[in-house]
Structure formats: C-alpha cells, structure tokens
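Undergrad: Next comes the structure file input.pdb, holding PDB, C-alpha atoms.
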```pdb
ATOM      1  CA  VAL A   1     133.755 -35.025 126.131
ATOM      2  CA  ARG A   2     130.578 -33.012 125.689
ATOM      3  CA  ALA A   3     130.711 -30.389 122.925
ATOM      4  CA  LEU A   4     127.283 -28.877 122.334
ATOM      5  CA  ASN A   5     126.919 -25.730 120.229
ATOM      6  CA  VAL A   6     130.651 -25.718 119.431
ATOM      7  CA  LEU A   7     131.001 -26.993 115.851
ATOM      8  CA  ARG A   8     127.899 -25.073 114.809
ATOM      9  CA  GLN A   9     130.181 -22.112 113.994
ATOM     10  CA  TYR A  10     132.491 -24.198 111.774
ATOM     11  CA  ASP A  11     132.167 -24.984 108.084
ATOM     12  CA  GLU A  12     130.767 -28.458 107.493
ATOM     13  CA  SER A  13     134.045 -29.454 105.814
ATOM     14  CA  ALA A  14     135.904 -28.830 109.104
ATOM     15  CA  VAL A  15     133.750 -31.253 111.107
ATOM     16  CA  PRO A  16     135.598 -34.531 110.356
ATOM     17  CA  GLY A  17     138.934 -32.948 111.294
ATOM     18  CA  ALA A  18     137.517 -31.559 114.528
ATOM     19  CA  TRP A  19     136.099 -34.993 115.402
ATOM     20  CA  ARG A  20     139.521 -36.585 114.784
ATOM     21  CA  THR A  21     141.309 -33.971 116.890
ATOM     22  CA  ILE A  22     139.014 -34.599 119.829
ATOM     23  CA  THR A  23     138.643 -38.371 119.577
ATOM     24  CA  THR A  24     142.390 -39.017 119.255
ATOM     25  CA  ALA A  25     142.838 -37.319 122.633
ATOM     26  CA  LEU A  26     140.174 -39.433 124.362
ATOM     27  CA  ALA A  27     141.057 -42.057 126.924
ATOM     28  CA  PRO A  28     140.549 -45.650 125.727
ATOM     29  CA  GLY A  29     136.828 -46.241 125.454
ATOM     30  CA  GLY A  30     136.140 -42.502 125.652
ATOM     31  CA  MET A  31     133.315 -40.877 123.739
ATOM     32  CA  LEU A  32     132.532 -37.476 122.274
ATOM     33  CA  VAL A  33     128.982 -36.120 122.446
ATOM     34  CA  GLU A  34     128.742 -33.471 119.740
ATOM     35  CA  GLY A  35     125.628 -31.621 118.745
ATOM     36  CA  THR A  36     123.489 -28.603 119.359
ATOM     37  CA  CYS A  37     120.492 -27.463 121.352
ATOM     38  CA  ASP A  38     118.344 -24.384 121.510
ATOM     39  CA  GLU A  39     118.955 -21.677 124.088
ATOM     40  CA  LEU A  40     116.456 -23.137 126.568
ATOM     41  CA  GLY A  41     117.404 -26.782 126.058
ATOM     42  CA  ARG A  42     113.960 -27.636 124.654
ATOM     43  CA  LEU A  43     115.252 -29.076 121.363
ATOM     44  CA  GLY A  44     118.500 -30.878 120.709
ATOM     45  CA  GLY A  45     120.358 -33.297 118.542
ATOM     46  CA  TRP A  46     123.683 -34.967 119.200
ATOM     47  CA  LEU A  47     126.042 -37.563 117.839
ATOM     48  CA  LEU A  48     127.825 -40.139 119.957
ATOM     49  CA  ILE A  49     131.333 -40.458 118.501
ATOM     50  CA  ASP A  50     134.201 -42.768 119.427
ATOM     51  CA  ALA A  51     137.698 -43.178 117.992
ATOM     52  CA  ASP A  52     136.226 -44.986 114.971
ATOM     53  CA  GLY A  53     133.733 -42.219 114.191
ATOM     54  CA  PRO A  54     130.058 -41.482 114.819
ATOM     55  CA  ARG A  55     127.919 -44.270 116.288
ATOM     56  CA  SER A  56     124.461 -42.755 116.695
ATOM     57  CA  LEU A  57     122.240 -39.704 116.389
ATOM     58  CA  THR A  58     119.874 -38.748 119.202
ATOM     59  CA  LEU A  59     117.049 -36.278 118.760
ATOM     60  CA  ALA A  60     115.517 -34.870 121.941
ATOM     61  CA  ALA A  61     112.632 -32.540 122.700
ATOM     62  CA  ARG A  62     110.861 -31.164 125.716
ATOM     63  CA  LEU A  63     107.563 -32.680 124.718
ATOM     64  CA  ALA A  64     105.393 -30.121 126.514
ATOM     65  CA  THR A  65     106.615 -27.445 124.089
ATOM     66  CA  LEU A  66     106.949 -29.513 120.900
ATOM     67  CA  GLU A  67     104.613 -28.403 118.144
ATOM     68  CA  THR A  68     105.999 -30.769 115.521
ATOM     69  CA  PRO A  69     109.085 -33.025 115.290
ATOM     70  CA  ALA A  70     110.134 -31.044 112.197
ATOM     71  CA  GLU A  71     111.361 -28.416 114.699
ATOM     72  CA  LEU A  72     114.192 -30.808 115.572
ATOM     73  CA  ALA A  73     115.735 -30.203 112.150
ATOM     74  CA  GLU A  74     116.853 -26.751 113.357
ATOM     75  CA  ARG A  75     119.007 -28.422 116.018
ATOM     76  CA  LEU A  76     120.728 -31.148 114.046
ATOM     77  CA  PRO A  77     124.494 -31.473 114.598
ATOM     78  CA  LYS A  78     126.667 -29.527 112.150
ATOM     79  CA  ALA A  79     127.413 -32.643 110.083
ATOM     80  CA  LEU A  80     123.680 -32.997 109.367
ATOM     81  CA  ILE A  81     122.054 -29.573 109.606
ATOM     82  CA  HIS A  82     122.583 -28.737 105.930
ATOM     83  CA  ARG A  83     121.485 -32.255 104.935
ATOM     84  CA  ASN A  84     117.837 -31.882 105.861
ATOM     85  CA  VAL A  85     116.849 -31.718 102.196
ATOM     86  CA  PRO A  86     115.075 -34.235  99.951
ATOM     87  CA  GLY A  87     117.389 -37.055  98.948
ATOM     88  CA  GLU A  88     119.326 -37.035 102.242
ATOM     89  CA  ARG A  89     118.740 -39.742 104.825
ATOM     90  CA  VAL A  90     118.340 -37.439 107.804
ATOM     91  CA  HIS A  91     115.573 -35.664 105.887
ATOM     92  CA  ASP A  92     113.825 -39.015 105.476
ATOM     93  CA  LEU A  93     114.005 -39.608 109.228
ATOM     94  CA  ILE A  94     112.692 -36.165 110.182
ATOM     95  CA  ARG A  95     109.918 -36.451 107.628
ATOM     96  CA  ALA A  96     108.906 -39.943 108.800
ATOM     97  CA  LEU A  97     108.846 -38.764 112.411
ATOM     98  CA  ASP A  98     106.793 -35.716 111.497
ATOM     99  CA  ASP A  99     104.361 -37.884 109.487
ATOM    100  CA  ALA A 100     104.028 -40.303 112.410
ATOM    101  CA  TRP A 101     103.370 -37.338 114.719
ATOM    102  CA  ARG A 102     100.507 -36.207 112.482
ATOM    103  CA  VAL A 103      99.052 -39.729 112.375
ATOM    104  CA  ALA A 104      99.254 -39.871 116.190
ATOM    105  CA  ALA A 105      97.196 -36.663 116.525
ATOM    106  CA  GLY A 106      94.374 -38.690 118.064
ATOM    107  CA  TYR A 107      96.556 -39.193 121.136
ATOM    108  CA  ALA A 108      97.047 -35.432 121.665
ATOM    109  CA  PRO A 109      94.200 -35.201 124.225
ATOM    110  CA  TYR A 110      96.201 -37.600 126.409
ATOM    111  CA  GLY A 111      99.205 -35.290 126.313
ATOM    112  CA  PRO A 112     102.286 -34.776 124.167
ATOM    113  CA  ARG A 113     104.118 -37.726 125.750
ATOM    114  CA  GLN A 114     101.454 -40.186 124.632
ATOM    115  CA  ARG A 115     101.438 -38.681 121.165
ATOM    116  CA  TRP A 116     105.254 -38.918 120.964
ATOM    117  CA  LEU A 117     105.260 -42.504 122.243
ATOM    118  CA  HIS A 118     102.776 -43.576 119.605
ATOM    119  CA  ALA A 119     104.615 -41.700 116.853
ATOM    120  CA  VAL A 120     107.964 -43.269 117.756
ATOM    121  CA  GLN A 121     106.438 -46.736 118.134
ATOM    122  CA  SER A 122     104.962 -46.410 114.656
ATOM    123  CA  LEU A 123     108.452 -45.624 113.298
ATOM    124  CA  LYS A 124     109.764 -48.749 114.972
ATOM    125  CA  ASP A 125     106.832 -50.790 113.647
ATOM    126  CA  ALA A 126     107.589 -49.469 110.148
ATOM    127  CA  GLY A 127     111.109 -50.901 110.380
ATOM    128  CA  TRP A 128     113.193 -47.917 111.448
ATOM    129  CA  PRO A 129     116.145 -49.290 113.478
ATOM    130  CA  LEU A 130     115.748 -47.444 116.761
ATOM    131  CA  LEU A 131     118.533 -47.977 119.287
ATOM    132  CA  ASP A 132     116.676 -46.945 122.400
ATOM    133  CA  ARG A 133     113.566 -48.144 124.175
ATOM    134  CA  ALA A 134     110.311 -46.704 125.443
ATOM    135  CA  ALA A 135     111.965 -45.515 128.683
ATOM    136  CA  ARG A 136     114.032 -43.033 126.622
ATOM    137  CA  TRP A 137     111.132 -42.228 124.323
ATOM    138  CA  ARG A 138     109.126 -41.169 127.388
ATOM    139  CA  LEU A 139     111.793 -38.498 127.934
ATOM    140  CA  GLY A 140     111.316 -37.173 124.402
ATOM    141  CA  GLU A 141     114.357 -38.910 122.931
ATOM    142  CA  LEU A 142     114.896 -41.002 119.837
ATOM    143  CA  THR A 143     118.229 -42.597 118.886
ATOM    144  CA  VAL A 144     119.159 -44.148 115.539
ATOM    145  CA  PRO A 145     122.388 -45.608 114.146
ATOM    146  CA  TRP A 146     124.661 -43.093 112.439
ATOM    147  CA  SER A 147     124.643 -45.249 109.313
ATOM    148  CA  LEU A 148     120.919 -44.528 108.951
ATOM    149  CA  VAL A 149     121.405 -40.762 108.639
ATOM    150  CA  ALA A 150     125.048 -40.290 107.598
ATOM    151  CA  PRO A 151     125.626 -38.069 104.570
ATOM    152  CA  ALA A 152     127.467 -39.641 101.632
ATOM    153  CA  TRP A 153     130.749 -37.867 102.507
ATOM    154  CA  ALA A 154     130.781 -39.581 105.906
ATOM    155  CA  LEU A 155     130.399 -43.085 104.503
ATOM    156  CA  SER A 156     133.359 -42.964 102.132
TER     157      SER A 156
END
```
Could you render the structure as structure tokens?

TA:
Amino acid sequence: VRALNVLRQYDESAVPGAWRTITTALAPGGMLVEGTCDELGRLGGWLLIDADGPRSLTLAARLATLETPAELAERLPKALIHRNVPGERVHDLIRALDDAWRVAAGYAPYGPRQRWLHAVQSLKDAGWPLLDRAARWRLGELTVPWSLVAPAWALS
C-alpha cells in the first residue's frame, strides 16, 4: 500500500493507530509505504512499514534542484516531521547529511549527482548504517534503518 501525503493531515499521536489499521489489513508479507513529497515530486521521505512496524526511512531528492539536503526535513513522514529538532535522531541524520554536502562542495562543478554521491559515501565512511548502495544513491536516495531515526515514543 502506498500512502503518500495522507497522514500529513493527522495529529502525530494518530500515526501509530493509522499504521496498525493499514498493516493489519495487508496480505502476508505486505508492506506499507507511508510518507510525503512536495507537489512536484522533487523532495520526499517515506517509511517502509510491515506488520511489525516501521523498517526503514528513505530520503529522496531530484538532485538537479537540490540546494541543500536540509530541504528534505520539510518532507519527512508525519512520525518524524516534528522531530527535526536538536536532541532527536532524525535531526542528527539531516544535519550530518547537510554537513557532508557542504564538505563535498568541491565536487559541485562535476554536477549535483557527484556531490551527493560523495556526501552520502562520507556518511557511510563515518559509520552511518546505510541500507542501500551507490546505485540508489545515484538516484538521489538514501535509506537508513528506522531504529536510527525513530523518536522515543516509537521505541517503547
């Protein structure tokens, strides 16, 4: 089930219940993709959720229009959008990605894809547990385990 820009209108407290409602109706092995994107599909973020709960967060950008990875914070899924504040794990991820983007500025003359690739590789080299590979990075995507960014309420 794909549900983009649906839970954005809900209160954050309603998100776990909505996930349960949807995932209990899934076929065995089924998955829910829940998140948000901008109107043109240039920026997006989504969670991959199964019957046991969220598995991963993917951030995606059309690299030709990306000014800074911090823009992705505006398109975090509802469970995370209000968590992009100091002390929250998703904030740490966005900040690290934005810092890596700045450090990779020397690759900008080779295009935004090369800059993104170097920024994401530096995250991986720094120990961030990325779930995808360079083939997905080339598309402007980055996927991390849910446990890396989950707010405290989601881990209890």

Undergrad: Check what the PyMOL selection byres ((chain A and resi 56) around 10) selects in the file above and give those residues as a list in words.

TA: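 Against this file, the PyMOL selection byres ((chain A and resi 56) around 10) returns the residues Val33, Trp46, Leu47, Leu48, Ile49, Gly53, Pro54, Arg55, Leu57, Thr58, Leu130, Leu131, Thr143, Val144, Pro145, Trp146, Ser147, Leu148, Val149 and Ala150 of chain A.
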
Undergrad: For the file shown, what are the residues hit by the PyMOL selection byres ((chain A and resi 65-79) around 8), laid out as a short mmCIF file (atom, residue, chain, number, x, y, z; two decimals) with C-alpha atoms, in the frame of the given file?

TA:
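In the end it all went to result17.cif:
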```cif
data_model
loop_
_atom_site.label_atom_id
_atom_site.label_comp_id
_atom_site.auth_asym_id
_atom_site.auth_seq_id
_atom_site.Cartn_x
_atom_site.Cartn_y
_atom_site.Cartn_z
CA LEU A 7 131.00 -26.99 115.85
CA ARG A 8 127.90 -25.07 114.81
CA TYR A 10 132.49 -24.20 111.77
CA GLU A 12 130.77 -28.46 107.49
CA VAL A 15 133.75 -31.25 111.11
CA GLU A 34 128.74 -33.47 119.74
CA GLY A 35 125.63 -31.62 118.74
CA THR A 36 123.49 -28.60 119.36
CA CYS A 37 120.49 -27.46 121.35
CA ASP A 38 118.34 -24.38 121.51
CA ARG A 42 113.96 -27.64 124.65
CA LEU A 43 115.25 -29.08 121.36
CA GLY A 44 118.50 -30.88 120.71
CA GLY A 45 120.36 -33.30 118.54
CA TRP A 46 123.68 -34.97 119.20
CA LEU A 47 126.04 -37.56 117.84
CA LEU A 59 117.05 -36.28 118.76
CA ALA A 60 115.52 -34.87 121.94
CA ALA A 61 112.63 -32.54 122.70
CA ARG A 62 110.86 -31.16 125.72
CA LEU A 63 107.56 -32.68 124.72
CA ALA A 64 105.39 -30.12 126.51
CA LEU A 80 123.68 -33.00 109.37
CA ILE A 81 122.05 -29.57 109.61
CA HIS A 82 122.58 -28.74 105.93
CA ARG A 83 121.48 -32.26 104.94
CA ASN A 84 117.84 -31.88 105.86
CA ILE A 94 112.69 -36.16 110.18
CA ARG A 95 109.92 -36.45 107.63
CA LEU A 97 108.85 -38.76 112.41
CA ASP A 98 106.79 -35.72 111.50
CA TRP A 101 103.37 -37.34 114.72
CA PRO A 112 102.29 -34.78 124.17
CA PRO A 151 125.63 -38.07 104.57
#
```

Undergrad: Starting from the shown file, work through the PyMOL selection byres ((chain A and resi 1) around 7) and note down what comes out as a ChimeraX atom specification.

TA: /A:2-3,31-33

Undergrad: What separation in Å, quoted to one decimal, exists between CA of Asp92 (chain A) and CA of Trp128 (chain A)?

TA: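 Here the two named atoms are 10.7 Å from each other.
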
Undergrad: Can you work out the spacing between CA of Leu123 (chain A) and CA of Ala100 (chain A) in Å, to one decimal?

TA: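 Pair CA of Leu123 (chain A) / CA of Ala100 (chain A) returns 7.0 Å.
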
Undergrad: Please report the interatomic distance between CA of Val6 (chain A) and CA of Leu139 (chain A) in Å with one decimal.

TA: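 Separating CA of Val6 (chain A) from CA of Leu139 (chain A) is a distance of 24.3 Å.
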